[in-house]
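Shown below: entry32.cif, with mmCIF, C-alpha atoms.
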```cif
data_upload
#
loop_
_atom_site.label_atom_id
_atom_site.label_comp_id
_atom_site.auth_asym_id
_atom_site.auth_seq_id
_atom_site.Cartn_x
_atom_site.Cartn_y
_atom_site.Cartn_z
CA MET T 37 143.60 50.49 127.90
CA THR T 38 140.53 50.50 125.69
CA THR T 39 140.65 48.01 122.91
CA PHE T 40 138.97 47.73 119.54
CA HIS T 41 138.12 44.90 117.21
CA LEU T 42 140.80 44.32 114.60
CA THR T 43 140.88 41.96 111.64
CA VAL T 44 143.95 41.42 109.50
CA VAL T 45 143.33 39.35 106.37
CA THR T 46 145.62 38.33 103.52
CA PRO T 47 145.10 36.07 100.49
CA ASP T 48 146.78 33.30 102.48
CA GLY T 49 144.34 33.48 105.33
CA CYS T 50 143.41 35.46 108.37
CA ALA T 51 146.51 36.74 110.19
CA PHE T 52 144.84 38.36 113.20
CA GLU T 53 141.34 38.59 114.51
CA GLY T 54 140.46 39.88 117.93
CA GLN T 55 140.80 42.79 120.31
CA ALA T 56 143.77 45.10 120.00
CA GLU T 57 144.98 48.19 121.78
CA ARG T 58 146.86 49.77 118.93
CA ILE T 59 147.95 49.12 115.41
CA VAL T 60 150.80 50.93 113.71
CA CYS T 61 151.51 50.51 110.02
CA ARG T 62 152.82 52.35 107.00
CA ALA T 63 150.27 53.99 104.73
CA ILE T 64 151.10 55.42 101.31
CA ASP T 65 151.87 58.78 102.88
CA GLY T 66 153.66 57.74 106.05
CA ASP T 67 153.30 55.80 109.28
CA ILE T 68 149.97 55.85 111.06
CA ALA T 69 148.77 54.53 114.39
CA ILE T 70 145.16 53.63 115.08
CA LEU T 71 143.83 53.59 118.62
CA ALA T 72 140.40 52.70 119.94
CA LYS T 73 137.48 55.04 119.13
CA HIS T 74 139.09 56.26 115.94
CA GLY T 75 136.79 58.09 113.54
CA ASP T 76 135.80 56.60 110.20
CA TYR T 77 138.92 56.43 108.15
CA CYS T 78 140.27 54.82 105.04
CA THR T 79 143.70 54.69 103.53
CA ALA T 80 145.87 52.59 101.23
CA LEU T 81 148.94 50.92 102.65
CA GLY T 82 152.55 51.17 101.55
CA MET T 83 155.37 48.80 102.37
CA GLY T 84 156.86 48.82 105.81
CA GLU T 85 156.99 47.59 109.33
CA ALA T 86 153.78 47.24 111.25
CA HIS T 87 153.01 46.24 114.78
CA ILE T 88 149.99 45.36 116.82
CA VAL T 89 149.62 45.75 120.56
CA ASP T 90 147.05 43.16 121.53
CA ALA T 91 144.63 43.17 124.47
CA ASP T 92 147.28 41.75 126.85
CA GLY T 93 149.71 44.52 125.99
CA GLN T 94 151.89 42.15 123.94
CA ARG T 95 153.60 43.87 121.03
CA ARG T 96 153.90 41.84 117.83
CA ARG T 97 155.91 43.02 114.87
CA ALA T 98 155.25 42.19 111.24
CA ALA T 99 156.13 43.15 107.70
CA CYS T 100 153.11 44.59 105.90
CA MET T 101 152.99 45.27 102.18
CA GLY T 102 150.20 46.86 100.21
CA GLY T 103 146.50 46.75 100.80
CA LEU T 104 144.09 48.96 102.63
CA LEU T 105 143.08 49.90 106.11
CA SER T 106 139.59 50.98 107.00
CA VAL T 107 137.88 52.07 110.18
CA LEU T 108 134.09 51.92 110.07
CA ASP T 109 132.10 52.35 113.29
CA GLY T 110 135.14 51.54 115.39
CA ASP T 111 135.78 48.29 113.58
CA VAL T 112 139.24 48.19 112.07
CA ARG T 113 139.98 46.06 109.03
CA LEU T 114 143.40 45.70 107.53
CA VAL T 115 143.35 43.99 104.16
CA ALA T 116 147.00 43.33 103.31
CA THR T 117 148.61 41.86 100.23
CA THR T 118 151.24 40.27 102.42
CA TRP T 119 151.48 40.25 106.16
CA GLU T 120 154.30 38.31 107.76
CA TRP T 121 154.85 38.12 111.50
CA ALA T 122 158.45 38.93 112.46
CA GLU T 123 159.05 35.40 113.72
CA ASP T 124 157.88 33.90 110.41
CA ILE T 125 160.25 35.88 108.21
CA ASP T 126 163.04 33.84 106.70
CA GLN T 127 165.96 36.27 107.10
CA ALA T 128 168.36 34.20 105.00
CA ARG T 129 165.89 34.16 102.12
CA ALA T 130 165.25 37.89 102.42
CA GLU T 131 169.02 38.57 102.34
CA ALA T 132 169.40 36.39 99.25
CA SER T 133 166.50 38.12 97.58
CA LYS T 134 168.01 41.51 98.38
CA LYS T 135 171.34 40.49 96.90
CA ARG T 136 169.70 39.16 93.76
CA ALA T 137 167.69 42.34 93.32
CA GLU T 138 170.81 44.45 93.73
CA GLU T 139 172.63 42.36 91.15
CA ILE T 140 169.82 42.85 88.66
CA LEU T 141 169.68 46.58 89.32
CA ALA T 142 173.46 46.84 88.81
CA ARG T 143 173.06 45.67 85.22
CA LYS T 144 172.78 48.41 82.62
CA ASN T 145 170.48 47.00 79.94
CA LEU T 146 167.20 46.80 81.83
CA ASN T 147 163.85 47.65 80.34
CA ASP T 148 161.31 49.56 82.40
CA ARG T 149 159.42 46.49 83.50
CA GLU T 150 162.47 44.57 84.65
CA TYR T 151 163.65 47.65 86.50
CA GLU T 152 160.30 48.05 88.21
CA LEU T 153 160.17 44.39 89.24
CA ALA T 154 163.69 44.44 90.63
CA GLN T 155 162.98 47.66 92.50
CA ALA T 156 159.87 46.17 94.06
CA ARG T 157 161.80 43.05 95.01
CA LEU T 158 164.55 45.09 96.63
CA LYS T 159 162.01 47.14 98.55
CA ARG T 160 160.29 44.04 99.88
CA ALA T 161 163.60 42.48 100.86
CA LEU T 162 164.67 45.66 102.65
CA VAL T 163 161.46 45.75 104.66
CA ARG T 164 161.89 42.11 105.63
CA THR T 165 165.54 42.45 106.63
CA SER T 166 164.84 45.59 108.67
CA ILE T 167 162.53 43.65 110.99
CA ARG T 168 164.57 41.67 113.42
CA MET Y 12 132.12 -19.64 69.87
CA ALA Y 13 135.80 -19.66 70.81
CA GLY Y 14 136.27 -16.49 68.75
CA SER Y 15 133.59 -14.55 70.60
CA MET Y 16 135.02 -15.69 73.93
CA LYS Y 17 138.37 -14.21 72.98
CA ASP Y 18 136.72 -10.97 71.89
CA ILE Y 19 134.92 -10.64 75.20
CA LYS Y 20 138.11 -11.38 77.13
CA LEU Y 21 139.92 -8.61 75.22
CA ARG Y 22 137.07 -6.21 75.84
CA ILE Y 23 137.19 -6.95 79.58
CA LYS Y 24 140.94 -6.30 79.61
CA SER Y 25 140.55 -2.95 77.87
CA VAL Y 26 137.75 -1.84 80.17
CA GLU Y 27 139.83 -2.90 83.15
CA SER Y 28 142.77 -0.78 82.09
CA THR Y 29 140.47 2.19 81.48
CA MET Y 30 139.07 1.68 84.95
CA GLN Y 31 142.56 1.73 86.39
CA ILE Y 32 143.21 5.07 84.72
CA THR Y 33 139.95 6.64 85.89
CA LYS Y 34 140.55 5.31 89.39
CA ALA Y 35 144.04 6.82 89.45
CA MET Y 36 142.73 10.15 88.16
CA GLU Y 37 140.09 10.16 90.85
CA LEU Y 38 142.68 9.56 93.55
CA VAL Y 39 144.95 12.30 92.20
CA ALA Y 40 142.02 14.72 92.02
CA SER Y 41 140.93 13.99 95.57
CA SER Y 42 144.40 14.41 97.03
CA LYS Y 43 144.89 17.71 95.18
CA MET Y 44 141.38 18.66 96.17
CA ARG Y 45 142.27 18.79 99.83
CA ARG Y 46 144.93 21.43 99.25
CA ALA Y 47 142.77 23.42 96.86
CA LYS Y 48 139.90 23.43 99.34
CA GLU Y 49 142.18 24.73 102.06
CA ARG Y 50 143.35 27.47 99.75
CA VAL Y 51 139.77 28.50 99.01
CA GLU Y 52 138.94 28.57 102.69
CA HIS Y 53 142.01 30.68 103.43
CA SER Y 54 141.49 33.16 100.64
CA ARG Y 55 137.76 33.65 101.22
CA PRO Y 56 137.98 36.00 104.21
CA TYR Y 57 140.38 38.24 102.28
CA PHE Y 58 138.17 38.23 99.23
CA GLU Y 59 135.04 38.95 101.24
CA THR Y 60 136.52 41.62 103.49
CA LEU Y 61 138.03 43.41 100.52
CA TYR Y 62 134.76 43.36 98.62
CA LYS Y 63 132.69 44.40 101.63
CA THR Y 64 134.99 47.25 102.59
CA LEU Y 65 135.12 48.59 99.08
CA THR Y 66 131.38 48.51 98.47
CA GLU Y 67 130.80 50.11 101.87
CA ILE Y 68 133.17 52.91 101.05
CA ALA Y 69 131.67 53.33 97.62
CA ALA Y 70 128.15 53.39 99.06
CA ALA Y 71 129.09 55.69 101.93
CA ASP Y 72 130.65 58.25 99.69
CA PRO Y 73 129.08 58.18 96.25
CA ARG Y 74 130.45 61.60 95.49
CA ALA Y 75 134.00 60.40 95.81
CA ARG Y 76 135.52 61.14 92.46
CA ASN Y 77 137.44 58.26 91.01
CA PRO Y 78 138.26 57.02 87.54
CA TYR Y 79 136.47 53.74 88.14
CA LEU Y 80 132.94 55.02 88.32
CA ARG Y 81 130.26 53.83 85.94
CA ARG Y 82 130.60 55.25 82.48
CA SER Y 83 127.61 56.57 80.63
CA GLU Y 84 127.76 53.89 77.96
CA ILE Y 85 129.50 50.55 77.84
CA LYS Y 86 131.06 50.10 74.45
CA ARG Y 87 133.48 47.35 75.11
CA THR Y 88 133.73 44.69 77.78
CA LEU Y 89 136.74 42.78 78.97
CA LEU Y 90 135.80 39.24 79.83
CA VAL Y 91 138.09 37.29 82.14
CA VAL Y 92 137.25 33.63 81.65
CA ILE Y 93 138.70 31.06 84.02
CA ALA Y 94 138.54 27.42 82.93
CA GLY Y 95 140.72 24.39 83.52
CA ASP Y 96 143.98 23.31 81.94
CA ARG Y 97 142.77 19.81 81.17
CA GLY Y 98 139.62 18.03 80.14
CA LEU Y 99 137.99 14.95 81.62
CA ALA Y 100 136.27 16.95 84.33
CA GLY Y 101 132.64 16.40 83.43
CA GLY Y 102 130.86 19.56 82.39
CA TYR Y 103 133.27 21.87 84.17
CA ASN Y 104 134.94 23.49 81.15
CA ALA Y 105 131.85 23.39 78.95
CA ASN Y 106 129.65 25.12 81.53
CA VAL Y 107 131.88 28.10 82.15
CA LEU Y 108 132.73 28.52 78.45
CA LYS Y 109 129.06 28.36 77.51
CA LEU Y 110 128.32 31.09 80.05
CA ALA Y 111 131.13 33.21 78.65
CA ALA Y 112 129.94 32.70 75.07
CA GLN Y 113 126.54 34.16 75.99
CA GLU Y 114 128.20 37.49 76.62
CA SER Y 115 127.20 39.51 73.58
CA GLY Y 116 128.40 42.77 72.13
CA ASN Y 117 131.87 44.07 71.74
CA VAL Y 118 133.96 41.76 73.84
CA GLU Y 119 137.64 41.30 74.46
CA VAL Y 120 138.70 38.12 76.23
CA LEU Y 121 141.39 37.42 78.80
CA PRO Y 122 141.47 33.63 79.12
CA ILE Y 123 142.96 31.89 82.14
CA GLY Y 124 143.49 28.15 81.80
CA LYS Y 125 144.60 26.23 78.72
CA ARG Y 126 141.10 25.07 77.79
CA SER Y 127 139.76 28.58 77.93
CA ALA Y 128 142.60 29.90 75.77
CA GLU Y 129 142.18 27.13 73.20
CA TYR Y 130 138.45 27.73 73.01
CA PHE Y 131 138.73 31.44 72.35
CA VAL Y 132 141.58 31.06 69.88
CA HIS Y 133 139.47 28.54 68.03
CA HIS Y 134 136.47 30.88 68.01
CA GLU Y 135 138.67 33.75 66.88
CA ALA Y 136 137.76 36.02 69.76
CA GLU Y 137 139.80 39.12 70.38
CA LEU Y 138 142.36 38.34 73.04
CA PHE Y 139 143.77 40.64 75.70
CA THR Y 140 147.14 38.87 75.87
CA GLN Y 141 148.70 36.21 73.72
CA GLU Y 142 150.38 34.30 76.52
CA VAL Y 143 148.54 31.32 77.93
CA LEU Y 144 148.12 31.46 81.68
CA LEU Y 145 147.72 28.11 83.37
CA ALA Y 146 144.98 28.13 85.97
CA ALA Y 147 146.63 25.53 88.18
CA ASP Y 148 149.83 27.39 89.00
CA ILE Y 149 148.83 31.04 88.97
CA SER Y 150 150.28 32.92 91.93
CA VAL Y 151 149.19 35.97 93.89
CA GLY Y 152 152.01 37.89 92.22
CA GLN Y 153 150.74 37.04 88.74
CA CYS Y 154 147.25 38.14 89.73
CA PHE Y 155 148.64 41.50 90.76
CA GLN Y 156 150.41 41.87 87.44
CA LEU Y 157 147.21 41.01 85.60
CA ALA Y 158 145.23 43.43 87.73
CA ARG Y 159 147.68 46.20 86.91
CA GLN Y 160 147.27 45.54 83.20
CA ILE Y 161 143.49 45.39 83.53
CA THR Y 162 143.16 48.62 85.51
CA GLU Y 163 145.57 50.38 83.17
CA GLY Y 164 143.48 49.33 80.17
CA TYR Y 165 140.33 50.46 81.95
CA ARG Y 166 141.74 53.86 82.78
CA LYS Y 167 142.94 54.32 79.21
CA GLY Y 168 139.42 53.51 78.01
CA GLU Y 169 140.35 50.37 76.08
CA PHE Y 170 137.23 48.86 77.63
CA ASP Y 171 134.45 50.22 79.84
CA ALA Y 172 133.55 47.18 81.89
CA VAL Y 173 135.29 44.14 83.29
CA LYS Y 174 133.43 40.91 83.84
CA LEU Y 175 134.68 37.70 85.34
CA CYS Y 176 133.40 34.22 84.48
CA TYR Y 177 134.47 31.48 86.83
CA THR Y 178 133.11 28.43 88.60
CA ARG Y 179 132.03 28.92 92.18
CA PHE Y 180 132.90 26.12 94.54
CA ASP Y 181 129.69 25.53 96.51
CA SER Y 182 130.56 22.13 97.86
CA MET Y 183 132.24 18.91 96.83
CA MET Y 184 129.14 17.97 94.87
CA THR Y 185 127.98 21.29 93.40
CA GLN Y 186 129.91 23.85 91.42
CA THR Y 187 128.17 26.67 89.61
CA ALA Y 188 129.48 28.69 86.70
CA VAL Y 189 128.90 32.35 87.51
CA SER Y 190 129.67 35.70 85.95
CA ILE Y 191 130.32 38.76 88.11
CA GLU Y 192 130.90 42.41 87.34
CA VAL Y 193 134.26 43.60 88.59
CA LEU Y 194 134.42 47.07 87.12
CA PRO Y 195 132.86 49.61 87.14
CA LEU Y 196 132.29 49.45 90.85
CA ALA Y 197 128.81 48.29 91.63
CA MET Y 198 127.20 50.90 93.81
CA GLU Y 199 123.80 50.63 95.38
CA PRO Y 200 122.92 54.13 96.48
CA THR Y 201 119.20 53.39 96.85
CA GLU Y 202 119.65 50.76 99.49
CA GLN Y 203 122.44 52.51 101.26
CA GLN Y 204 121.17 56.04 101.25
CA LYS Y 205 120.43 56.12 104.96
CA ALA Y 206 123.83 54.80 105.80
CA GLU Y 207 125.30 57.30 103.43
CA ALA Y 208 123.83 60.29 105.24
CA ARG Y 209 125.38 59.07 108.45
CA ARG Y 210 128.67 57.98 107.02
CA SER Y 211 129.59 60.71 104.65
CA GLN Y 212 132.30 61.78 107.07
CA ILE Y 213 134.87 59.12 106.22
CA LEU Y 214 138.31 60.61 106.23
CA TYR Y 215 140.42 59.60 103.27
CA LYS Y 216 144.13 60.03 103.55
CA PRO Y 217 145.74 61.53 101.48
CA SER Y 218 142.59 61.91 99.31
CA SER Y 219 139.74 59.72 98.19
CA GLU Y 220 141.06 59.68 94.64
CA GLU Y 221 144.49 58.53 95.64
CA VAL Y 222 143.11 55.93 98.00
CA PHE Y 223 140.83 54.58 95.30
CA SER Y 224 143.49 54.42 92.64
CA ALA Y 225 145.76 52.55 95.04
CA ILE Y 226 143.04 50.17 96.22
CA ILE Y 227 141.32 49.29 92.95
CA PRO Y 228 144.21 47.28 91.43
CA GLU Y 229 144.40 45.49 94.77
CA TYR Y 230 140.69 44.78 94.61
CA VAL Y 231 140.84 43.48 91.04
CA ALA Y 232 143.80 41.26 91.91
CA GLY Y 233 141.99 39.96 94.99
CA VAL Y 234 138.86 39.18 93.01
CA VAL Y 235 140.83 37.42 90.25
CA TYR Y 236 142.89 35.42 92.73
CA GLY Y 237 139.82 34.41 94.69
CA ALA Y 238 138.07 33.34 91.50
CA VAL Y 239 141.08 31.30 90.38
CA CYS Y 240 141.20 29.53 93.75
CA GLU Y 241 137.49 28.73 93.52
CA SER Y 242 137.81 27.55 89.92
CA VAL Y 243 140.74 25.26 90.64
CA ALA Y 244 138.89 23.68 93.53
CA SER Y 245 135.78 23.33 91.36
CA GLU Y 246 137.76 21.71 88.56
CA LEU Y 247 139.21 19.10 90.90
CA ALA Y 248 135.84 18.42 92.49
CA ALA Y 249 134.22 18.07 89.05
CA ARG Y 250 136.97 15.75 87.89
CA ARG Y 251 136.67 13.67 91.02
CA THR Y 252 132.93 13.27 90.54
CA ALA Y 253 133.30 12.52 86.82
CA MET Y 254 136.02 9.96 87.39
CA ASP Y 255 134.10 8.38 90.23
CA ALA Y 256 131.15 7.90 87.88
CA ALA Y 257 133.44 6.58 85.14
CA THR Y 258 134.99 4.04 87.49
CA LYS Y 259 131.56 2.88 88.59
CA ASN Y 260 130.41 2.54 84.98
CA ALA Y 261 133.50 0.57 84.08
CA GLY Y 262 132.84 -1.78 87.00
CA GLU Y 263 129.29 -2.31 85.82
CA MET Y 264 130.47 -2.94 82.29
CA ILE Y 265 132.98 -5.52 83.48
CA ASP Y 266 130.23 -7.32 85.41
CA HIS Y 267 128.08 -7.47 82.27
CA LEU Y 268 130.94 -8.65 80.12
CA ASN Y 269 131.85 -11.33 82.66
CA LEU Y 270 128.28 -12.58 82.48
CA TYR Y 271 128.45 -12.77 78.67
CA TYR Y 272 131.81 -14.45 78.88
CA ASN Y 273 130.54 -17.12 81.24
CA ARG Y 274 127.51 -17.67 79.04
CA ALA Y 275 129.71 -18.07 75.98
CA ARG Y 276 131.97 -20.46 77.87
CA GLN Y 277 129.03 -22.52 79.05
CA ALA Y 278 127.61 -22.61 75.53
CA ALA Y 279 130.94 -23.83 74.18
CA ILE Y 280 131.12 -26.61 76.77
CA THR Y 281 127.56 -27.68 76.12
CA GLN Y 282 128.21 -27.78 72.41
CA GLU Y 283 131.32 -29.88 72.89
CA ILE Y 284 129.44 -32.37 75.05
CA THR Y 285 126.64 -32.58 72.49
CA GLU Y 286 129.21 -33.27 69.80
CA ILE Y 287 130.92 -36.00 71.87
CA VAL Y 288 127.64 -37.63 72.81
CA ALA Y 289 126.52 -37.55 69.18
CA GLY Y 290 129.81 -39.12 68.14
CA ALA Y 291 129.52 -41.91 70.77
CA GLU Y 292 125.99 -42.78 69.74
CA ASN Y 293 127.05 -43.36 66.17
#
```

Would you mind writing the structure in this file as C-alpha cells?
Amino acid sequence: MTTFHLTVVTPDGCAFEGQAERIVCRAIDGDIAILAKHGDYCTALGMGEAHIVDADGQRRRAACMGGLLSVLDGDVRLVATTWEWAEDIDQARAEASKKRAEEILARKNLNDREYELAQARLKRALVRTSIR
Amino acid sequence: MAGSMKDIKLRIKSVESTMQITKAMELVASSKMRRAKERVEHSRPYFETLYKTLTEIAAADPRARNPYLRRSEIKRTLLVVIAGDRGLAGGYNANVLKLAAQESGNVEVLPIGKRSAEYFVHHEAELFTQEVLLAADISVGQCFQLARQITEGYRKGEFDAVKLCYTRFDSMMTQTAVSIEVLPLAMEPTEQQKAEARRSQILYKPSSEEVFSAIIPEYVAGVVYGAVCESVASELAARRTAMDAATKNAGEMIDHLNLYYNRARQAAITQEITEIVAGAEN
C-alpha cells in the first residue's frame, strides 16, 4: 500500500518517525483515520485509542491523549500531549489510578476543580485500561 | 612571626573547605546536567513541531477567526519569567531578571523559580499567582494547568499579550537570556502570502475556531514546558561553569597562601638562627 511520512512527537521525545500506511486516532469529534494522499487537514485530538499501521503492515496500538494532528502537503504530524505504546502501559498503575479517581468522585464535598481533575484522571485511566 | 604563620594556616584551611564545597556543587551540577540535557533534547522536537505547525496554520489561513488574534492595542502584558530556585550560578538569575525588568508598561508577572518570585515580590510587581512554583520540579501536568489559567485570562481580556523570559540553552558554555512573544499568535502574512494562496484549502474539523481554542492551551503549555526545560539545563550549566571557576580560583589562592606560609616559616627559622648565633658570640 502507499505510505506517507508520519511524525509523532510528545514532550518526552519523538514516539514515531517514518513511513506509515495508516493512522487512526480519536479527534475531539470522533475517531478519524488518515491514509496516504490525504488533503490538507487539521484537527485537535481527544483522548482515546490510536493505532499506526507502519510500512511493513505491522499494527501498533497506543493510548493518545490531547494534542493536534495536521496534514500539510501529505506530511502528517501528530503532536500529542501523551502517547504511550500499548506495551509500555503499566496496567496495574492504570487500574490503581482508576480506583483512586472513582473514590474521589464518590465523595460528596468536591469543588469544581477537584471534580474536574478527578474526572480527567478517570478518563485517562479508562483509556489506558481499555488498551490491552 | 609565629602569629602570622598561624593566621595564614587558618586562611588556607578556610579556603580549602570552601574549595571542597564548590567542587561538590560542581559535581552535583554536572551529574544533574546530564539528565536535564537529555530532557531538553527530548522535548525540543515537540516544541519545534508544535510551533511550526501552528505558525503554518496561522499563516495559511489568516482569515481563520479565533480569539487569540492580535488585538488593536496592547494595554497589559503578562510576563512569564523563568529563573532558578537557587543562587550561586554565575550571572544566570541576574541576566534573565534584568531582561524581564526592561519590559516596560503595564505588566503583570507570573514568576517560575524561587529567585524569580523573590525578586518580583521585592520589587512589588503585580503577580499573577501567589504560589511559588519551583523551576526544578515543574511537570508537564503543571504546565498544562498554568496554560489553562493563562489562556483563560487572555480570553477574558485580563491581559492582551503574553511574553516569556527564559534562558536558552545554546551549549554547555553559552546560555542566552531571551524573551519571546507567546500570544497573540505571531503571524507573518507578508512572507507567507504565496503559500497562503495555495494553502487556503486546509480543512478544519469540526471548525477552525474549535480547533484553535483546543490547540492554543496546548501550544502555550508546550512553549512553557520547553522553556522550563531549557532554563533548568541552563541553570545547571551556568552553575557548573561558575563553580568550576570558583574551584580554580580557590586552588590558585591556596598556592599563593602556601608560598606566603613558607616564606613566613623560613623567616622565622632565619630569625631564630640569627638570635642563637648572636647569643653564642656574646

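This file, filtered with the PyMOL selection byres ((chain T) within 9 of (chain Y)), gives the residues Val44, Val45, Thr46, Pro47, Asp48, Gly49, Cys50, Ala63, Ile64, Asp65, Gly75, Asp76, Tyr77, Cys78, Thr79, Ala80, Leu81, Gly102, Gly103, Leu104, Ser106, Val107, Leu108, Arg113, Leu114, Val115, Ala116 and Thr117 of chain T.
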
Among T:Thr165, T:Gln55, T:Gln155, T:Gln127, Asp92 in chain T is approached most closely, using only C-alpha atoms, by T:Gln55

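As for CA of Arg87 in chain Y and CA of Val120 in chain Y, they are spaced 10.7 Å apart.
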
Enclose all atoms of range 41-60 of chain T listed in the file in an axis-aligned box, grow every side by 8 Å, and hand back centre and edge lengths in Å to one decimal, as lines of an AutoDock Vina configuration file.
```
center_x = 144.5
center_y = 42.1
center_z = 111.1
size_x = 28.7
size_y = 33.6
size_z = 37.3
```

Residues selected by the PyMOL selection byres ((chain Y and resi 32-40) around 8), written as a count of residues only
17

The PyMOL selection byres ((chain Y and resi 117) around 10) on the file shown: which residues, as an NGL selection string?
:Y and (85-89 or 114-116 or 118-119 or 137 or 170)

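When CA of Met101 in chain T is paired with CA of Thr178 in chain Y, their separation reads 29.4 Å.
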
Tell me, as a list in words, which residues lie within 12 Å of Leu42 in chain T, counting all atoms listed in the file; anything in the same chain fewer than 4 positions away does not count.
Cys50, Ala51, Phe52, Glu53, Gly54, Gln55, Ala56, Glu57, Arg58, Ile59, Ile70, Leu71, Ala72, Ile88, Val89, Asp90, Ala91, Leu105, Ser106, Val107, Leu108, Asp109, Gly110, Asp111, Val112, Arg113, Leu114 and Val115 of chain T

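Of the residues under consideration (Y:Glu220, Y:Gly164, Y:Gln113, Y:Gln156), Y:Gln156 shows the shortest atom-to-atom contact distance to Glu152 in chain T when counting all atoms listed in the file.
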
Because some atoms of range 102-114 of chain Y are absent here, can you restore N, CA and C atoms and send them as a PDB file, in the frame of the given file?
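rebuild31.pdb, written as the output of this step:
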```
ATOM      1  N   GLY Y 102     131.290  18.373  83.107  1.00  0.00           N
ATOM      2  CA  GLY Y 102     130.860  19.560  82.390  1.00  0.00           C
ATOM      3  C   GLY Y 102     131.577  20.820  82.805  1.00  0.00           C
ATOM      4  N   TYR Y 103     132.625  20.689  83.587  1.00  0.00           N
ATOM      5  CA  TYR Y 103     133.270  21.870  84.170  1.00  0.00           C
ATOM      6  C   TYR Y 103     133.660  22.927  83.144  1.00  0.00           C
ATOM      7  N   ASN Y 104     134.490  22.515  82.148  1.00  0.00           N
ATOM      8  CA  ASN Y 104     134.940  23.490  81.150  1.00  0.00           C
ATOM      9  C   ASN Y 104     133.788  23.986  80.287  1.00  0.00           C
ATOM     10  N   ALA Y 105     132.952  23.036  79.855  1.00  0.00           N
ATOM     11  CA  ALA Y 105     131.850  23.390  78.950  1.00  0.00           C
ATOM     12  C   ALA Y 105     130.921  24.407  79.597  1.00  0.00           C
ATOM     13  N   ASN Y 106     130.601  24.228  80.866  1.00  0.00           N
ATOM     14  CA  ASN Y 106     129.650  25.120  81.530  1.00  0.00           C
ATOM     15  C   ASN Y 106     130.138  26.558  81.574  1.00  0.00           C
ATOM     16  N   VAL Y 107     131.386  26.727  81.993  1.00  0.00           N
ATOM     17  CA  VAL Y 107     131.880  28.100  82.150  1.00  0.00           C
ATOM     18  C   VAL Y 107     132.094  28.741  80.784  1.00  0.00           C
ATOM     19  N   LEU Y 108     132.507  27.955  79.786  1.00  0.00           N
ATOM     20  CA  LEU Y 108     132.730  28.520  78.450  1.00  0.00           C
ATOM     21  C   LEU Y 108     131.400  28.886  77.782  1.00  0.00           C
ATOM     22  N   LYS Y 109     130.381  28.075  78.068  1.00  0.00           N
ATOM     23  CA  LYS Y 109     129.060  28.360  77.510  1.00  0.00           C
ATOM     24  C   LYS Y 109     128.539  29.685  78.080  1.00  0.00           C
ATOM     25  N   LEU Y 110     128.753  29.856  79.388  1.00  0.00           N
ATOM     26  CA  LEU Y 110     128.320  31.090  80.050  1.00  0.00           C
ATOM     27  C   LEU Y 110     129.040  32.292  79.442  1.00  0.00           C
ATOM     28  N   ALA Y 111     130.344  32.109  79.206  1.00  0.00           N
ATOM     29  CA  ALA Y 111     131.130  33.210  78.650  1.00  0.00           C
ATOM     30  C   ALA Y 111     130.690  33.525  77.228  1.00  0.00           C
ATOM     31  N   ALA Y 112     130.313  32.492  76.468  1.00  0.00           N
ATOM     32  CA  ALA Y 112     129.940  32.700  75.070  1.00  0.00           C
ATOM     33  C   ALA Y 112     128.622  33.466  74.949  1.00  0.00           C
ATOM     34  N   GLN Y 113     127.821  33.435  76.019  1.00  0.00           N
ATOM     35  CA  GLN Y 113     126.540  34.160  75.990  1.00  0.00           C
ATOM     36  C   GLN Y 113     126.738  35.668  76.039  1.00  0.00           C
ATOM     37  N   GLU Y 114     127.902  36.073  76.501  1.00  0.00           N
ATOM     38  CA  GLU Y 114     128.200  37.490  76.620  1.00  0.00           C
ATOM     39  C   GLU Y 114     128.236  38.103  75.222  1.00  0.00           C
TER      40      GLU Y 114
END
```
